[in-house]
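Report on one structure; see the data block that follows.
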Amino acid sequence: MSSPLPDSMQVIAIQEPGGPDVLKLQERRIAVPYEGEVLIKVSAAGVNRPDILQRQGAYPPPKGASDLPGLEVAGTIVKLGRNTSRYKIGDTVCALCPGGGYAQYAAVPEGHALPIPDGLDFTQAAALPETFFTVWTNVFQRGALQSGETLLIHGGSSGIGTTAIQIAKARGAIVIATAGSDEKCAACKSLGADHTINYQTTDYVDAVKDITGGAGANVILDMVGGDYIERNYRAAAIEGRIIQIAFLNGAIAEVDFTRLMIKRLTHTGSTLRPQSVAAKAKIAQELEAEIWPLIANGTIAPRIDKVFRFENAAEAHTYMETGTHIGKIVLTLD
């Protein structure tokens, strides 16, 4: 028989929009799993760029979601909502959250929880959902990357980048990654990137053209925006697909769209958090079928840069904002 659940839980809340110091440890009533949801006792939670944007007041949670930051967790199911069928109490899972991951307990739709791949602990598993869901839906669903095509990944040493490198290589793509230092370029190489470009010292457009014999990249995964938008059009191949997932250099740019027409480019993008429960469940199903076996056999592994205690979430945010990390940052509650 499972132990009775407490009435309250500790959480990391955003007191007001601002810097990392606005993240405070609080006590709240324990989360409740509604119909179609499971309640997870959280052992670890991933830290992601959208958490920082939410803390700054620039990325509000979608309607009905928790106001707490935290988009991915790993832990143990301790309660089932009505009309759930896959899991039982005691199962260990990692899960994508609409919010609320910075807490001792998190309620998530059952379809957004996945079994922890063999060989991974809670900390490693907590580093999977947000980046793997994002990469899969953007690079493979929207970008339709095929074996033998060239993928250009900006921010190759980020959590998204380290994930995209590994999945793309495992599926037969040629991978070019940009990063801001020789150390980060070396890390991208170690994860399987065929070519790396230090954007601080080299023009990535010229480098991509040299690497591809003038053809350009078939798919470009961009989280930078700003002046990269125009440059991506120059670096793209005929019929290239440019996937926008963030705008670290700004969402407004002056762009000559002539190249988009001449090259027959597709420029698309998405955000994950506002998508429907059903859409995210479909991503989860495809990941479990296509990618989870590659994690279980060691072909792909989450790259963890640094682990912080749960109560030190402000330190984790400060560290992420330095931009020095290579891979994922995780909070641990165990």
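Letters A, B, ... mark the chains of the structure tokens in the order given; residue numbers begin at 1 per chain; ligand numbers begin at 1, in order shown.
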key: Backbone-only DSSP, strand (DSSP E) members of region 89-328 of chain A, as a VMD selection string   = chain A and resid 92 to 96 105 to 109 113 to 115 150 to 153 174 to 179 195 to 198 217 to 222 236 to 244 266 to 269 304 to 309 328
Go through region 69-147 of chain A and flag each residue having an atom no more than 6 Å from region 1-17 of chain A; for those, report the closest pair of atoms plus their distance in Å to one decimal, using only C-alpha atoms, ordered by chain and rising number, as JSON lines.
{"residue": "A:Tyr102", "atom": "CA", "partner": "A:Ile12", "partner_atom": "CA", "distance": 5.4}
{"residue": "A:Ala103", "atom": "CA", "partner": "A:Val11", "partner_atom": "CA", "distance": 4.1}
{"residue": "A:Gln104", "atom": "CA", "partner": "A:Met9", "partner_atom": "CA", "distance": 5.8}
task = Determine the nearest neighbour of His112 (chain A) from the options A:Gln285, A:Ser157, A:Asn83, A:Thr212, counting only C-alpha atoms.
result =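 Smallest separation from His112 (chain A) among the options: A:Gln285.
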ask   = Just asking: which residues within region 38-159 of chain A are helix (DSSP H, G or I) according to DSSP, as an MDAnalysis selection string?
value = chainID A and resid 49:55 110:112 122:126 129:142 159
task = Find, counting only C-alpha atoms, the residue in A:Glu35, A:Glu27, A:Asp227, A:Asp305 that gets nearest to Asn249 (chain A).
result =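 Among the listed residues, the smallest separation from Asn249 (chain A) belongs to A:Asp227.
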message = For a quick check of understanding, using only C-alpha atoms, which of A:Lys263, A:Pro98, A:Ile229, A:Pro109 has the smallest distance to Arg86 (chain A)?
response = A:Pro109
message = Quick check, in Å to one decimal: how far apart do CA of Gly81 (chain A) and CA of Pro293 (chain A) lie?
response = 28.2 Å
message = Just the number, please: distance in Å from CA of Ala289 (chain A) to CA of Ser66 (chain A), one decimal.
response =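 Distance reported for this atom pair: 29.2 Å.
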request  = Tell me, as a list of chain:residue names, which residues lie within 9 Å of region 311-325 of chain A, counting only C-alpha atoms; anything in the same chain fewer than 6 positions away does not count.
outcome  =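 Skipping anything fewer than 6 positions along the chain leaves A:Val11, A:Ile12, A:Gly19, A:Pro20, A:Asp21, A:Val22, A:Leu23, A:Lys24, A:Leu25, A:Val47, A:Asn48, A:Arg49, A:Asp51, A:Ile52, A:Tyr102, A:Ser157, A:Ser158, A:Gly159, A:Lys184, A:Asp305, A:Leu331, A:Thr332, A:Leu333.
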Take the residues from that selection and put them in a file with N, CA, C and O atoms, as a compact mmCIF listing (two decimals), in the first residue's frame.
# COMPACT_ATOMS: atom_id res chain seq x y z
N VAL A 11 7.62 24.38 -3.46
CA VAL A 11 7.71 24.80 -4.86
C VAL A 11 8.72 25.95 -4.97
O VAL A 11 9.05 26.59 -3.97
N ILE A 12 9.17 26.18 -6.18
CA ILE A 12 9.94 27.38 -6.50
C ILE A 12 9.02 28.30 -7.29
O ILE A 12 8.63 27.98 -8.42
N GLY A 19 15.01 39.30 -12.03
CA GLY A 19 16.20 38.47 -12.12
C GLY A 19 16.06 37.19 -11.34
O GLY A 19 15.00 36.91 -10.75
N PRO A 20 17.11 36.38 -11.30
CA PRO A 20 17.05 35.09 -10.62
C PRO A 20 16.62 35.17 -9.16
O PRO A 20 16.02 34.23 -8.63
N ASP A 21 16.90 36.30 -8.51
CA ASP A 21 16.58 36.42 -7.10
C ASP A 21 15.08 36.46 -6.81
O ASP A 21 14.67 36.37 -5.65
N VAL A 22 14.23 36.56 -7.84
CA VAL A 22 12.78 36.55 -7.60
C VAL A 22 12.25 35.13 -7.45
O VAL A 22 11.07 34.93 -7.12
N LEU A 23 13.10 34.13 -7.69
CA LEU A 23 12.70 32.74 -7.48
C LEU A 23 12.81 32.42 -5.99
O LEU A 23 13.88 32.52 -5.40
N LYS A 24 11.69 32.03 -5.40
CA LYS A 24 11.66 31.81 -3.95
C LYS A 24 11.02 30.46 -3.62
O LYS A 24 10.06 30.04 -4.25
N LEU A 25 11.57 29.80 -2.60
CA LEU A 25 11.01 28.56 -2.09
C LEU A 25 9.74 28.88 -1.30
O LEU A 25 9.75 29.71 -0.40
N VAL A 47 15.96 22.55 -16.35
CA VAL A 47 15.94 24.01 -16.44
C VAL A 47 16.09 24.38 -17.92
O VAL A 47 16.98 23.86 -18.60
N ASN A 48 15.21 25.25 -18.41
CA ASN A 48 15.21 25.59 -19.82
C ASN A 48 15.10 27.09 -20.03
O ASN A 48 14.63 27.82 -19.14
N ARG A 49 15.49 27.54 -21.20
CA ARG A 49 15.44 28.97 -21.53
C ARG A 49 14.04 29.55 -21.34
O ARG A 49 13.90 30.68 -20.84
N ASP A 51 11.98 28.94 -19.05
CA ASP A 51 11.82 29.24 -17.62
C ASP A 51 12.35 30.63 -17.30
O ASP A 51 11.76 31.37 -16.50
N ILE A 52 13.47 30.98 -17.92
CA ILE A 52 14.05 32.30 -17.70
C ILE A 52 13.14 33.38 -18.27
O ILE A 52 12.88 34.41 -17.63
N TYR A 102 8.84 22.95 -11.25
CA TYR A 102 9.67 23.32 -10.10
C TYR A 102 8.86 23.10 -8.82
O TYR A 102 8.48 24.02 -8.11
N SER A 157 25.86 23.78 -28.79
CA SER A 157 26.23 23.32 -27.45
C SER A 157 25.11 23.49 -26.43
O SER A 157 25.26 23.11 -25.27
N SER A 158 23.97 24.05 -26.83
CA SER A 158 22.83 24.21 -25.93
C SER A 158 22.15 22.86 -25.70
O SER A 158 22.48 21.86 -26.34
N GLY A 159 21.19 22.85 -24.81
CA GLY A 159 20.42 21.62 -24.59
C GLY A 159 19.74 21.16 -25.87
O GLY A 159 19.75 19.97 -26.22
N LYS A 184 33.31 24.72 -27.03
CA LYS A 184 31.95 24.29 -27.36
C LYS A 184 31.92 23.55 -28.70
O LYS A 184 31.17 22.58 -28.86
N ASP A 305 25.22 19.26 -18.15
CA ASP A 305 26.33 20.15 -17.84
C ASP A 305 26.50 20.33 -16.34
O ASP A 305 27.59 20.16 -15.81
N LEU A 331 17.71 20.48 -11.95
CA LEU A 331 17.49 20.60 -10.50
C LEU A 331 17.18 19.22 -9.94
O LEU A 331 16.42 18.47 -10.55
N THR A 332 17.77 18.90 -8.80
CA THR A 332 17.48 17.61 -8.19
C THR A 332 16.83 17.78 -6.82
O THR A 332 17.20 18.66 -6.05
N LEU A 333 15.82 16.94 -6.56
CA LEU A 333 15.11 17.00 -5.30
C LEU A 333 15.46 15.83 -4.38
O LEU A 333 15.05 15.81 -3.24
request  = Write out as a PyMOL selection string which residues come within 9 Å of region 217-221 of chain A when counting only C-alpha atoms, dropping same-chain ones fewer than 2 positions away.
outcome  = chain A and resi 135+138-139+143-145+149-155+161+164+176+208-209+212+215+223+232+235-245
Who sits within 10 Å of region 273-281 of chain A, only C-alpha atoms, same chain under 6 positions skipped, as JSON, numbers by chain = {"A": [50, 61, 62, 63, 65, 71, 96, 97, 98, 99, 108, 109, 110, 111, 112, 113, 114, 130, 133, 134, 137, 287]}
request  = Mind giving me the straight-line distance from CA of Ala177 (chain A) to CA of Val255 (chain A) in Å, one decimal?
outcome  = 23.2 Å
Considering only C-alpha atoms, give me a table of residues in region 78-149 of chain A that are at most 8 Å from region 42-45 of chain A, with the closest atom pair and distance in Å for each, as JSON lines.
{"residue": "A:Gly101", "atom": "CA", "partner": "A:Ala45", "partner_atom": "CA", "distance": 6.1}
{"residue": "A:Tyr102", "atom": "CA", "partner": "A:Ala45", "partner_atom": "CA", "distance": 6.5}
{"residue": "A:Ala103", "atom": "CA", "partner": "A:Val42", "partner_atom": "CA", "distance": 7.0}
{"residue": "A:Gln104", "atom": "CA", "partner": "A:Val42", "partner_atom": "CA", "distance": 5.2}
{"residue": "A:Tyr105", "atom": "CA", "partner": "A:Val42", "partner_atom": "CA", "distance": 5.4}
{"residue": "A:Ala106", "atom": "CA", "partner": "A:Val42", "partner_atom": "CA", "distance": 6.8}
{"residue": "A:Phe122", "atom": "CA", "partner": "A:Ala44", "partner_atom": "CA", "distance": 6.0}
{"residue": "A:Thr123", "atom": "CA", "partner": "A:Ala44", "partner_atom": "CA", "distance": 5.4}
{"residue": "A:Ala126", "atom": "CA", "partner": "A:Ala45", "partner_atom": "CA", "distance": 5.3}
{"residue": "A:Ala127", "atom": "CA", "partner": "A:Ala45", "partner_atom": "CA", "distance": 7.5}
Just to be explicit: take each residue in the selection above, keep N, CA and C atoms, and write the result as a PDB file, in the first residue's frame.
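Writing done, so here's out-v3.pdb:
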ATOM      1  N   GLY A 101       6.818  22.371 -13.063  1.00  0.00           N
ATOM      2  CA  GLY A 101       7.851  21.378 -12.818  1.00  0.00           C
ATOM      3  C   GLY A 101       8.752  21.683 -11.638  1.00  0.00           C
ATOM      4  N   TYR A 102       8.843  22.953 -11.250  1.00  0.00           N
ATOM      5  CA  TYR A 102       9.671  23.321 -10.100  1.00  0.00           C
ATOM      6  C   TYR A 102       8.857  23.097  -8.822  1.00  0.00           C
ATOM      7  N   ALA A 103       8.602  21.851  -8.508  1.00  0.00           N
ATOM      8  CA  ALA A 103       7.764  21.518  -7.360  1.00  0.00           C
ATOM      9  C   ALA A 103       8.028  20.079  -6.947  1.00  0.00           C
ATOM     10  N   GLN A 104       7.652  19.746  -5.708  1.00  0.00           N
ATOM     11  CA  GLN A 104       7.830  18.372  -5.250  1.00  0.00           C
ATOM     12  C   GLN A 104       6.866  17.408  -5.929  1.00  0.00           C
ATOM     13  N   TYR A 105       5.743  17.935  -6.401  1.00  0.00           N
ATOM     14  CA  TYR A 105       4.761  17.112  -7.114  1.00  0.00           C
ATOM     15  C   TYR A 105       4.272  17.887  -8.331  1.00  0.00           C
ATOM     16  N   ALA A 106       4.071  17.181  -9.433  1.00  0.00           N
ATOM     17  CA  ALA A 106       3.603  17.814 -10.665  1.00  0.00           C
ATOM     18  C   ALA A 106       2.545  16.932 -11.318  1.00  0.00           C
ATOM     19  N   PHE A 122      17.099   9.447 -12.625  1.00  0.00           N
ATOM     20  CA  PHE A 122      16.103  10.522 -12.669  1.00  0.00           C
ATOM     21  C   PHE A 122      16.700  11.820 -13.217  1.00  0.00           C
ATOM     22  N   THR A 123      17.940  12.131 -12.825  1.00  0.00           N
ATOM     23  CA  THR A 123      18.558  13.371 -13.283  1.00  0.00           C
ATOM     24  C   THR A 123      18.716  13.372 -14.797  1.00  0.00           C
ATOM     25  N   ALA A 126      15.247  13.624 -16.524  1.00  0.00           N
ATOM     26  CA  ALA A 126      14.631  14.954 -16.463  1.00  0.00           C
ATOM     27  C   ALA A 126      15.161  15.875 -17.546  1.00  0.00           C
ATOM     28  N   ALA A 127      16.299  15.517 -18.141  1.00  0.00           N
ATOM     29  CA  ALA A 127      16.891  16.335 -19.204  1.00  0.00           C
ATOM     30  C   ALA A 127      16.352  15.979 -20.585  1.00  0.00           C
TER      31      ALA A 127
END
Near Ile295 (chain A), counting only C-alpha atoms, which residues have an atom at most 12 Å away, once you skip same-chain residues fewer than 3 positions from it, shown as a compact mmCIF listing (two decimals) with N, CA, C and O atoms, in the first residue's frame?
# COMPACT_ATOMS: atom_id res chain seq x y z
N PRO A 115 8.03 6.33 -20.24
CA PRO A 115 8.88 5.51 -19.36
C PRO A 115 10.32 6.00 -19.42
O PRO A 115 10.80 6.44 -20.47
N ILE A 116 11.02 5.92 -18.31
CA ILE A 116 12.43 6.31 -18.31
C ILE A 116 13.21 5.23 -19.06
O ILE A 116 13.11 4.05 -18.75
N PRO A 117 13.98 5.63 -20.08
CA PRO A 117 14.74 4.62 -20.84
C PRO A 117 15.69 3.84 -19.93
O PRO A 117 16.24 4.38 -18.97
N ASP A 118 15.89 2.57 -20.27
CA ASP A 118 16.79 1.72 -19.49
C ASP A 118 18.16 2.37 -19.36
O ASP A 118 18.71 2.92 -20.32
N GLY A 119 18.70 2.31 -18.15
CA GLY A 119 20.04 2.80 -17.92
C GLY A 119 20.14 4.24 -17.47
O GLY A 119 21.22 4.70 -17.10
N LEU A 120 19.03 4.98 -17.48
CA LEU A 120 19.06 6.39 -17.09
C LEU A 120 18.53 6.56 -15.67
O LEU A 120 17.57 5.88 -15.25
N GLN A 124 19.20 12.28 -15.35
CA GLN A 124 19.35 12.17 -16.80
C GLN A 124 17.98 12.21 -17.49
O GLN A 124 17.82 12.87 -18.53
N ALA A 125 17.02 11.52 -16.92
CA ALA A 125 15.69 11.46 -17.55
C ALA A 125 15.00 12.81 -17.56
O ALA A 125 14.26 13.13 -18.49
N LEU A 128 15.44 15.02 -20.66
CA LEU A 128 14.96 14.56 -21.96
C LEU A 128 13.77 15.33 -22.54
O LEU A 128 13.84 15.79 -23.69
N PHE A 132 13.90 17.03 -26.36
CA PHE A 132 13.59 15.97 -27.33
C PHE A 132 12.26 16.23 -28.02
O PHE A 132 12.13 16.02 -29.23
N THR A 163 21.02 17.81 -28.24
CA THR A 163 20.01 16.81 -28.57
C THR A 163 19.86 16.65 -30.07
O THR A 163 19.84 15.54 -30.60
N GLN A 166 22.70 14.68 -31.85
CA GLN A 166 22.68 13.23 -31.67
C GLN A 166 21.56 12.56 -32.45
O GLN A 166 21.76 11.51 -33.09
N ILE A 167 20.36 13.15 -32.40
CA ILE A 167 19.24 12.52 -33.11
C ILE A 167 19.47 12.56 -34.61
O ILE A 167 19.25 11.57 -35.33
N ALA A 170 22.06 10.03 -35.61
CA ALA A 170 21.52 8.67 -35.50
C ALA A 170 20.60 8.32 -36.66
O ALA A 170 20.45 7.15 -37.01
N LEU A 287 8.34 9.81 -30.36
CA LEU A 287 9.62 9.72 -29.67
C LEU A 287 9.82 8.34 -29.06
O LEU A 287 10.91 7.75 -29.17
N GLU A 288 8.80 7.81 -28.42
CA GLU A 288 8.93 6.50 -27.78
C GLU A 288 9.22 5.41 -28.82
O GLU A 288 10.02 4.50 -28.58
N ALA A 289 8.60 5.52 -29.97
CA ALA A 289 8.81 4.52 -31.02
C ALA A 289 10.14 4.67 -31.73
O ALA A 289 10.83 3.67 -32.01
N GLU A 290 10.53 5.91 -32.02
CA GLU A 290 11.69 6.15 -32.88
C GLU A 290 13.00 6.42 -32.13
O GLU A 290 14.07 6.04 -32.60
N ILE A 291 12.90 7.10 -30.98
CA ILE A 291 14.12 7.59 -30.32
C ILE A 291 14.41 6.89 -29.00
O ILE A 291 15.58 6.66 -28.67
N TRP A 292 13.39 6.54 -28.25
CA TRP A 292 13.63 5.91 -26.93
C TRP A 292 14.49 4.64 -27.05
O TRP A 292 15.38 4.43 -26.21
N GLY A 298 22.12 3.23 -25.83
CA GLY A 298 23.30 4.06 -25.65
C GLY A 298 23.73 4.86 -26.86
O GLY A 298 24.72 5.59 -26.81
N THR A 299 22.98 4.77 -27.98
CA THR A 299 23.32 5.55 -29.17
C THR A 299 23.19 7.05 -28.89
O THR A 299 23.98 7.86 -29.38
N ILE A 300 22.16 7.41 -28.13
CA ILE A 300 21.88 8.80 -27.77
C ILE A 300 21.84 8.91 -26.26
O ILE A 300 21.30 8.01 -25.58
N ALA A 301 22.38 9.99 -25.72
CA ALA A 301 22.35 10.21 -24.27
C ALA A 301 22.22 11.69 -23.99
O ALA A 301 22.80 12.51 -24.69
N PRO A 302 21.44 12.06 -22.98
CA PRO A 302 21.36 13.48 -22.63
C PRO A 302 22.70 13.98 -22.12
O PRO A 302 23.39 13.28 -21.37
N ARG A 303 23.08 15.16 -22.58
CA ARG A 303 24.34 15.76 -22.13
C ARG A 303 24.02 16.68 -20.95
O ARG A 303 23.38 17.72 -21.10
inquiry  = I'd like the contact shell of Gly90 (chain A) - 9 Å cut-off, only C-alpha atoms, skipping same-chain residues fewer than 4 positions apart - returned as a list in words.
reply    = Ser2, Thr76, Ile77, Val78 and Lys79 of chain A
Output file for the selection above: N, CA and C atoms, as a PDB file, in the first residue's frame:
ATOM      1  N   SER A   2       0.554   2.205  -0.860  1.00  0.00           N
ATOM      2  CA  SER A   2       1.361   3.419  -0.942  1.00  0.00           C
ATOM      3  C   SER A   2       1.090   4.324   0.251  1.00  0.00           C
ATOM      4  N   THR A  76       8.302   9.584  -9.837  1.00  0.00           N
ATOM      5  CA  THR A  76       7.488   8.393  -9.613  1.00  0.00           C
ATOM      6  C   THR A  76       6.013   8.765  -9.560  1.00  0.00           C
ATOM      7  N   ILE A  77       5.195   8.022 -10.265  1.00  0.00           N
ATOM      8  CA  ILE A  77       3.749   8.280 -10.244  1.00  0.00           C
ATOM      9  C   ILE A  77       3.179   7.862  -8.890  1.00  0.00           C
ATOM     10  N   VAL A  78       2.473   8.797  -8.247  1.00  0.00           N
ATOM     11  CA  VAL A  78       1.933   8.530  -6.911  1.00  0.00           C
ATOM     12  C   VAL A  78       0.408   8.626  -6.859  1.00  0.00           C
ATOM     13  N   LYS A  79      -0.217   9.123  -7.928  1.00  0.00           N
ATOM     14  CA  LYS A  79      -1.675   9.208  -7.953  1.00  0.00           C
ATOM     15  C   LYS A  79      -2.138   9.279  -9.402  1.00  0.00           C
TER      16      LYS A  79
END
query = With only C-alpha atoms as the basis for distance, which of A:Ile329, A:Gly226, A:Ile30, A:Trp136 is at the shortest distance from Lys282 (chain A)?
reply =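 So, comparing all the options, the nearest one is A:Trp136.
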remark   = Residue with the minimum atom-to-atom distance to Leu39 (chain A), picked from A:Leu53, A:Thr92, A:Phe247, A:Tyr59 with only C-alpha atoms counted, is A:Thr92
key: Top pick for closest residue to Arg55 (chain A), considering A:Gly18, A:Arg234, A:Pro129, A:Asp67 and counting only C-alpha atoms   =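 Ranked by minimum distance to Arg55 (chain A), first place goes to A:Gly18.
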